[in-house]
Amino acid sequence: MTSDDMRSFRSLAVILIVHLVVIVLWQVLVDAFHVPRFILPSPLATLATLESANYAWMSNVAVTAAEILGGFLLGAFVGVTLAVLFCWSPLVSLLLLPLFVTLNMIPKVALGPLFIVWFSYGIFPNILIAFSICFFPILLTTARGLSEVEPDLLDLVKTLRGSRWTLFRKIQLPGALPYVFSGMKVGAILAVAGAIVGEFIASERGLGYLMIQVQSSLDTPAMLMAVVLLTLLGVALYALDELLCRPTQALIDDLNKVDGDIIILGVAGKMGPTLAGLAKAALPQRRIIGVARFSDASAKRWLASRGIETLSCDLLDELAVNKLPKAPNVIFMAGHKFGAEGDLPLTWAMNAHVPAVVAQAFASSRIVAFSTGCVYPFVSVKGKGADETVSPNPPGEYAQSCVGRERMFEYFSRKHSTPGRLFRLNYAIDMRYGVLHDIAIKILAGKPIDVSLGHVNFIWQGDASAQALRCLAHCDTPTSPINVSGQEILAVRDLAAKLGARLRREPIIVGNEEPTAWVTDTSQAVRLFGVPIVDTEKLIAWTADWVSRSMPSLGKPTKYEVRDGRY
């Protein structure tokens with residue numbers, strides 16, 4: 001059992017113990033104060049009703065469960081189908097969406113008698129009532145998800161002459177899944193309410209029908225048992241969706257060790273939305289604030305749809321930075337890499353000046369500042385890589401400006417006693433971006449793969465985001481570096497061979513491996529966070545599958561093979 005499994009088990013145990021304590025306390029208080037059964041029965045009296053055949057629990061539960069599940073499935077199917085239709089035809093959306101908004105305003109209780117007149121008694125009218133309540137949130141959230149498409153991806157598909165169907169199947173539908181699941185969570189809860197509303201109005205079977213029957217005789221234990229069973233049905237249905245997107249317990253535990261809101265500076269970059277969404281999932285009750293220029297409006301909409309507050313700000317504007325809310329937790333992700341050699345003054349301004357401005361503006365906060373393993377000199381590939389004690393001494397102005405970023409945070413951390421971490425990240429892997437993606441694309445295109453800088457280490461972007469957030473609970477005063485990447489030093493030649501085997505293409509290898517590379521020792525991170533959840537073999541399999549199906553690319557090569565530091 002892994003450490004995350006142990007934490008999840010402990011968390012579940014705590015939840016069960018708390019529920020058990022409440023039930024025991026309920027039993028003790030009812031007995032101690034001799035509360036009449038018709039007012040509040042004890043848990044034992046409530047459970048005793050399960051032994052009576054008079055209530056036909058099994059058949060009534062089965063009927064209500066069928067109504068809930070039927071209404072939910074019908075709501076999900078119709079909601080998603082209509083959302084897709086609206087996405088494909090703006091005219092249909094213009095004509096029908098306002099109509100559905102109007103129909104949703106009708107009190108659902110008022111529909112019950114009409115459904116009975118039209119469809120008579122039975123399960124079907126109650127399924128329709130459950131459907132009428134739960135389908136609208138699914139429709140709206142799915143329609144919004146399908147419309148939230150990054151312009152860069154649209155341009156990419158158009159450049160590749162992708163069809164409308166290709167755009168929908170490979171871009172819009174995968175991107176809309178989080179919205180679909182979110183709508184289904186709400187729909188699952190509403191389906192329970194809809195089924196019971198139908199049974200209250202008129203029915204012959206079901207838990208709602210049973211509650212109406214026993215109400216006249218003040219059989220409160222049976223009524224309470226029906227409520228318990230309804231709750232369990234709702235919990236089971238909700239859990240099906242909740243399990244699909246959940247932060248690890250280790251992340252939740254670490255974030256609960258730090259107080260206050262989280263502000264993410266430079267949130268619109270490659271990793272920013274992932275990290276912000278993960279933070280919100282782990283801390284749904286806290287403010288997660290994303291700050292960027294938001295030149296791409298789709299990133300702002302994506303964040304807002306997940307409950308993340310967004311603020312537009314040019315971090316080069318010192319006055320604007322000083323006006324930002326002073327959240328006690330800061331994740332600094334701003335920087336300039338791609339095209340750095342084309343505008344070195346901007347590179348230095350973003351990578352060294354902005355950190356100085358932020359470090360002073362947020363002197364009283366915890367600051368986890370994204371950096372890079374490129375601050376190190378090349379080290380032997382036969383060891384474990386550069387650890388945090390190795391002094392920065394990199395080639396190239398980009399990497400030197402990254403050293404400048406760290407020095408600014410170090411200086412002001414010492415001056416103001418600001419706790420922090422310098423998050424030296426080596427190659428976060430996204431299926432649309434990363435070392436593996438670069439190698440796989442070259443294999444498919446029949447281009448040579450230079451192995452001069454022949455060794456790398458990398459980490460799945462989800463793992464990297466989680467570790468960055470967890471660093472908030474492991475800050476030092478003054479700030480200190482921590483290496484984050486995969487714990488393995490991997491040969492590019494071997495990675496090319498494995499990807500080539502999966503892609504059924506022979507990689508073209510050129511050059512000879514140098515004895516040194518930009519690789520880091522992540523022992524400190526492993527001690528704090530454990531090994532990354534997604535391992536190398538899984539990343540290879542995912543990347544090969546992604547590239548083989550011509551899925552989108554961010555179009556930003558990592559340039560992992562560059563040895564002179566020129567980006």
# chains A, B, ... in the order shown; residues from 1 in each chain; ligands from 1
>>> residues_around(residues="region 377-381 of chain A", least_positions_apart="5", cutoff="6 Å", atoms="only C-alpha atoms", output="mmCIF file with all heavy atoms, in the first residue's frame")
data_model
loop_
_atom_site.group_PDB
_atom_site.id
_atom_site.type_symbol
_atom_site.label_atom_id
_atom_site.label_comp_id
_atom_site.auth_asym_id
_atom_site.auth_seq_id
_atom_site.Cartn_x
_atom_site.Cartn_y
_atom_site.Cartn_z
ATOM 1 N N ASN A 393 25.844 27.702 -12.212
ATOM 2 C CA ASN A 393 26.897 28.205 -13.117
ATOM 3 C C ASN A 393 26.555 27.747 -14.531
ATOM 4 O O ASN A 393 27.266 26.944 -15.122
ATOM 5 C CB ASN A 393 28.273 27.702 -12.688
ATOM 6 C CG ASN A 393 29.383 28.293 -13.550
ATOM 7 O OD1 ASN A 393 29.212 29.370 -14.133
ATOM 8 N ND2 ASN A 393 30.489 27.592 -13.665
ATOM 9 N N PRO A 394 25.451 28.263 -15.098
ATOM 10 C CA PRO A 394 24.960 27.716 -16.362
ATOM 11 C C PRO A 394 25.497 28.478 -17.576
ATOM 12 O O PRO A 394 25.925 29.629 -17.471
ATOM 13 C CB PRO A 394 23.460 27.931 -16.245
ATOM 14 C CG PRO A 394 23.349 29.220 -15.480
ATOM 15 C CD PRO A 394 24.509 29.236 -14.520
ATOM 16 N N PRO A 515 29.420 13.141 -22.009
ATOM 17 C CA PRO A 515 29.408 12.539 -20.662
ATOM 18 C C PRO A 515 28.675 13.379 -19.628
ATOM 19 O O PRO A 515 28.477 12.937 -18.493
ATOM 20 C CB PRO A 515 30.896 12.429 -20.325
ATOM 21 C CG PRO A 515 31.554 13.508 -21.127
ATOM 22 C CD PRO A 515 30.774 13.598 -22.397
ATOM 23 N N THR A 516 28.257 14.607 -19.986
ATOM 24 C CA THR A 516 27.563 15.479 -19.035
ATOM 25 C C THR A 516 26.227 15.928 -19.622
ATOM 26 O O THR A 516 26.020 15.904 -20.836
ATOM 27 C CB THR A 516 28.408 16.729 -18.704
ATOM 28 O OG1 THR A 516 28.662 17.455 -19.915
ATOM 29 C CG2 THR A 516 29.733 16.348 -18.057
ATOM 30 N N ALA A 517 25.336 16.357 -18.741
ATOM 31 C CA ALA A 517 24.013 16.826 -19.184
ATOM 32 C C ALA A 517 23.394 17.671 -18.072
ATOM 33 O O ALA A 517 23.915 17.754 -16.952
ATOM 34 C CB ALA A 517 23.114 15.642 -19.529
ATOM 35 N N TRP A 518 22.259 18.289 -18.415
ATOM 36 C CA TRP A 518 21.483 19.050 -17.425
ATOM 37 C C TRP A 518 20.523 18.091 -16.730
ATOM 38 O O TRP A 518 19.365 17.931 -17.134
ATOM 39 C CB TRP A 518 20.675 20.142 -18.112
ATOM 40 C CG TRP A 518 21.222 21.517 -17.907
ATOM 41 C CD1 TRP A 518 21.905 21.978 -16.828
ATOM 42 C CD2 TRP A 518 21.113 22.617 -18.814
ATOM 43 N NE1 TRP A 518 22.234 23.297 -16.988
ATOM 44 C CE2 TRP A 518 21.764 23.717 -18.200
ATOM 45 C CE3 TRP A 518 20.547 22.792 -20.068
ATOM 46 C CZ2 TRP A 518 21.850 24.971 -18.795
ATOM 47 C CZ3 TRP A 518 20.632 24.035 -20.663
ATOM 48 C CH2 TRP A 518 21.276 25.110 -20.037
#
>>> select_by_dssp(residues="region 251-290 of chain A", states="helix (DSSP H, G or I)", output="PyMOL selection string")
chain A and resi 251-255+272-282
>>> write_last_selection(atoms="C-alpha atoms", output="CSV table (one decimal), in the first residue's frame")
chain,number,residue,atom,x,y,z
A,251,LEU,CA,-1.9,17.3,-1.4
A,252,ILE,CA,-5.0,18.1,0.7
A,253,ASP,CA,-3.2,17.4,3.9
A,254,ASP,CA,-0.2,19.6,3.1
A,255,LEU,CA,-2.4,22.5,1.9
A,272,GLY,CA,-0.7,27.6,-14.6
A,273,PRO,CA,-4.3,26.5,-15.3
A,274,THR,CA,-3.5,22.9,-14.2
A,275,LEU,CA,-2.0,24.1,-11.0
A,276,ALA,CA,-4.8,26.5,-10.3
A,277,GLY,CA,-7.5,23.9,-11.0
A,278,LEU,CA,-5.7,21.4,-8.7
A,279,ALA,CA,-5.5,24.0,-5.9
A,280,LYS,CA,-9.2,24.8,-6.2
A,281,ALA,CA,-10.1,21.1,-6.1
A,282,ALA,CA,-8.0,20.6,-3.0
>>> residues_around(residues="region 487-493 of chain A", least_positions_apart="4", cutoff="6 Å", atoms="only C-alpha atoms", output="mmCIF file with N, CA and C atoms, in the first residue's frame")
data_model
loop_
_atom_site.group_PDB
_atom_site.id
_atom_site.type_symbol
_atom_site.label_atom_id
_atom_site.label_comp_id
_atom_site.auth_asym_id
_atom_site.auth_seq_id
_atom_site.Cartn_x
_atom_site.Cartn_y
_atom_site.Cartn_z
ATOM 1 N N GLY A 454 22.568 13.776 -24.316
ATOM 2 C CA GLY A 454 21.887 12.489 -24.460
ATOM 3 C C GLY A 454 21.148 11.977 -23.260
ATOM 4 N N HIS A 455 21.042 12.763 -22.169
ATOM 5 C CA HIS A 455 20.354 12.282 -20.975
ATOM 6 C C HIS A 455 19.464 13.383 -20.399
ATOM 7 N N VAL A 456 18.315 12.985 -19.901
ATOM 8 C CA VAL A 456 17.339 13.932 -19.349
ATOM 9 C C VAL A 456 16.639 13.291 -18.152
ATOM 10 N N ASN A 457 15.983 14.115 -17.374
ATOM 11 C CA ASN A 457 14.935 13.603 -16.480
ATOM 12 C C ASN A 457 13.738 14.532 -16.554
ATOM 13 N N THR A 522 16.773 14.483 -7.433
ATOM 14 C CA THR A 522 15.512 14.887 -6.796
ATOM 15 C C THR A 522 15.282 14.167 -5.468
#
>>> residues_around(residues="Leu265 (chain A)", least_positions_apart="2", cutoff="9 Å", atoms="only C-alpha atoms", output="JSON, numbers by chain")
{"A": [263, 267, 268, 272, 289, 290, 291, 292, 315, 330, 331, 332, 333, 334]}
>>> closest_residue(among="A:Ile482, A:Ala445, A:Val368, A:Val21", to="Val390 (chain A)", atoms="only C-alpha atoms")
A:Ile482
>>> residues_around(residues="Leu528 (chain A)", least_positions_apart="3", cutoff="12 Å", atoms="only C-alpha atoms", output="PyMOL selection string")
chain A and resi 3+250-251+254+467-468+470-471+473-475+482-484+522-525+531-532
>>> write_last_selection(atoms="N, CA, C and O atoms", output="mmCIF file, in the first residue's frame")
data_model
loop_
_atom_site.group_PDB
_atom_site.id
_atom_site.type_symbol
_atom_site.label_atom_id
_atom_site.label_comp_id
_atom_site.auth_asym_id
_atom_site.auth_seq_id
_atom_site.Cartn_x
_atom_site.Cartn_y
_atom_site.Cartn_z
ATOM 1 N N SER A 3 1.895 5.428 0.179
ATOM 2 C CA SER A 3 1.630 6.432 1.208
ATOM 3 C C SER A 3 0.303 7.145 0.942
ATOM 4 O O SER A 3 -0.428 7.473 1.880
ATOM 5 N N ALA A 250 -2.561 13.450 0.061
ATOM 6 C CA ALA A 250 -1.303 14.068 0.491
ATOM 7 C C ALA A 250 -1.290 15.555 0.171
ATOM 8 O O ALA A 250 -0.831 16.372 0.983
ATOM 9 N N LEU A 251 -1.802 15.924 -1.001
ATOM 10 C CA LEU A 251 -1.873 17.335 -1.367
ATOM 11 C C LEU A 251 -2.834 18.080 -0.448
ATOM 12 O O LEU A 251 -2.522 19.174 0.044
ATOM 13 N N ASP A 254 -1.246 18.597 3.021
ATOM 14 C CA ASP A 254 -0.203 19.628 3.064
ATOM 15 C C ASP A 254 -0.803 21.029 2.947
ATOM 16 O O ASP A 254 -0.390 21.952 3.656
ATOM 17 N N GLN A 467 3.353 18.932 -6.465
ATOM 18 C CA GLN A 467 4.523 19.174 -5.631
ATOM 19 C C GLN A 467 4.754 20.668 -5.405
ATOM 20 O O GLN A 467 5.189 21.085 -4.324
ATOM 21 N N ALA A 468 4.458 21.484 -6.409
ATOM 22 C CA ALA A 468 4.607 22.935 -6.242
ATOM 23 C C ALA A 468 3.667 23.437 -5.159
ATOM 24 O O ALA A 468 4.060 24.242 -4.294
ATOM 25 N N ARG A 470 2.359 21.653 -2.728
ATOM 26 C CA ARG A 470 2.756 21.080 -1.443
ATOM 27 C C ARG A 470 3.965 21.793 -0.855
ATOM 28 O O ARG A 470 4.173 21.770 0.366
ATOM 29 N N CYS A 471 4.761 22.429 -1.711
ATOM 30 C CA CYS A 471 5.918 23.185 -1.206
ATOM 31 C C CYS A 471 5.498 24.328 -0.281
ATOM 32 O O CYS A 471 6.305 24.780 0.541
ATOM 33 N N ALA A 473 3.712 24.128 2.182
ATOM 34 C CA ALA A 473 3.793 23.593 3.549
ATOM 35 C C ALA A 473 5.222 23.233 3.941
ATOM 36 O O ALA A 473 5.447 22.765 5.062
ATOM 37 N N HIS A 474 6.165 23.446 3.034
ATOM 38 C CA HIS A 474 7.560 23.062 3.302
ATOM 39 C C HIS A 474 8.495 24.213 2.935
ATOM 40 O O HIS A 474 9.547 23.999 2.329
ATOM 41 N N CYS A 475 8.090 25.425 3.282
ATOM 42 C CA CYS A 475 8.912 26.598 2.978
ATOM 43 C C CYS A 475 10.016 26.767 4.023
ATOM 44 O O CYS A 475 9.863 26.388 5.193
ATOM 45 N N ILE A 482 14.739 23.517 -4.273
ATOM 46 C CA ILE A 482 14.354 22.110 -4.266
ATOM 47 C C ILE A 482 14.225 21.653 -5.715
ATOM 48 O O ILE A 482 13.585 22.308 -6.535
ATOM 49 N N ASN A 483 14.889 20.554 -6.038
ATOM 50 C CA ASN A 483 14.837 19.997 -7.396
ATOM 51 C C ASN A 483 13.577 19.164 -7.565
ATOM 52 O O ASN A 483 13.252 18.326 -6.715
ATOM 53 N N VAL A 484 12.882 19.368 -8.686
ATOM 54 C CA VAL A 484 11.659 18.617 -8.970
ATOM 55 C C VAL A 484 11.741 18.057 -10.375
ATOM 56 O O VAL A 484 11.880 18.801 -11.347
ATOM 57 N N THR A 522 16.773 14.483 -7.433
ATOM 58 C CA THR A 522 15.512 14.887 -6.796
ATOM 59 C C THR A 522 15.282 14.167 -5.468
ATOM 60 O O THR A 522 14.136 14.048 -5.012
ATOM 61 N N SER A 523 16.353 13.737 -4.826
ATOM 62 C CA SER A 523 16.216 12.965 -3.580
ATOM 63 C C SER A 523 15.447 13.741 -2.517
ATOM 64 O O SER A 523 14.635 13.176 -1.771
ATOM 65 N N GLN A 524 15.695 15.050 -2.416
ATOM 66 C CA GLN A 524 15.010 15.852 -1.399
ATOM 67 C C GLN A 524 13.499 15.865 -1.642
ATOM 68 O O GLN A 524 12.699 15.707 -0.709
ATOM 69 N N ALA A 525 13.092 16.049 -2.894
ATOM 70 C CA ALA A 525 11.662 16.056 -3.217
ATOM 71 C C ALA A 525 11.028 14.697 -2.944
ATOM 72 O O ALA A 525 9.893 14.611 -2.457
ATOM 73 N N VAL A 531 7.694 9.323 -4.526
ATOM 74 C CA VAL A 531 7.995 9.284 -5.959
ATOM 75 C C VAL A 531 6.772 9.775 -6.737
ATOM 76 O O VAL A 531 5.627 9.674 -6.263
ATOM 77 N N PRO A 532 6.966 10.345 -7.932
ATOM 78 C CA PRO A 532 5.824 10.791 -8.749
ATOM 79 C C PRO A 532 4.840 9.661 -8.998
ATOM 80 O O PRO A 532 5.220 8.490 -9.123
#
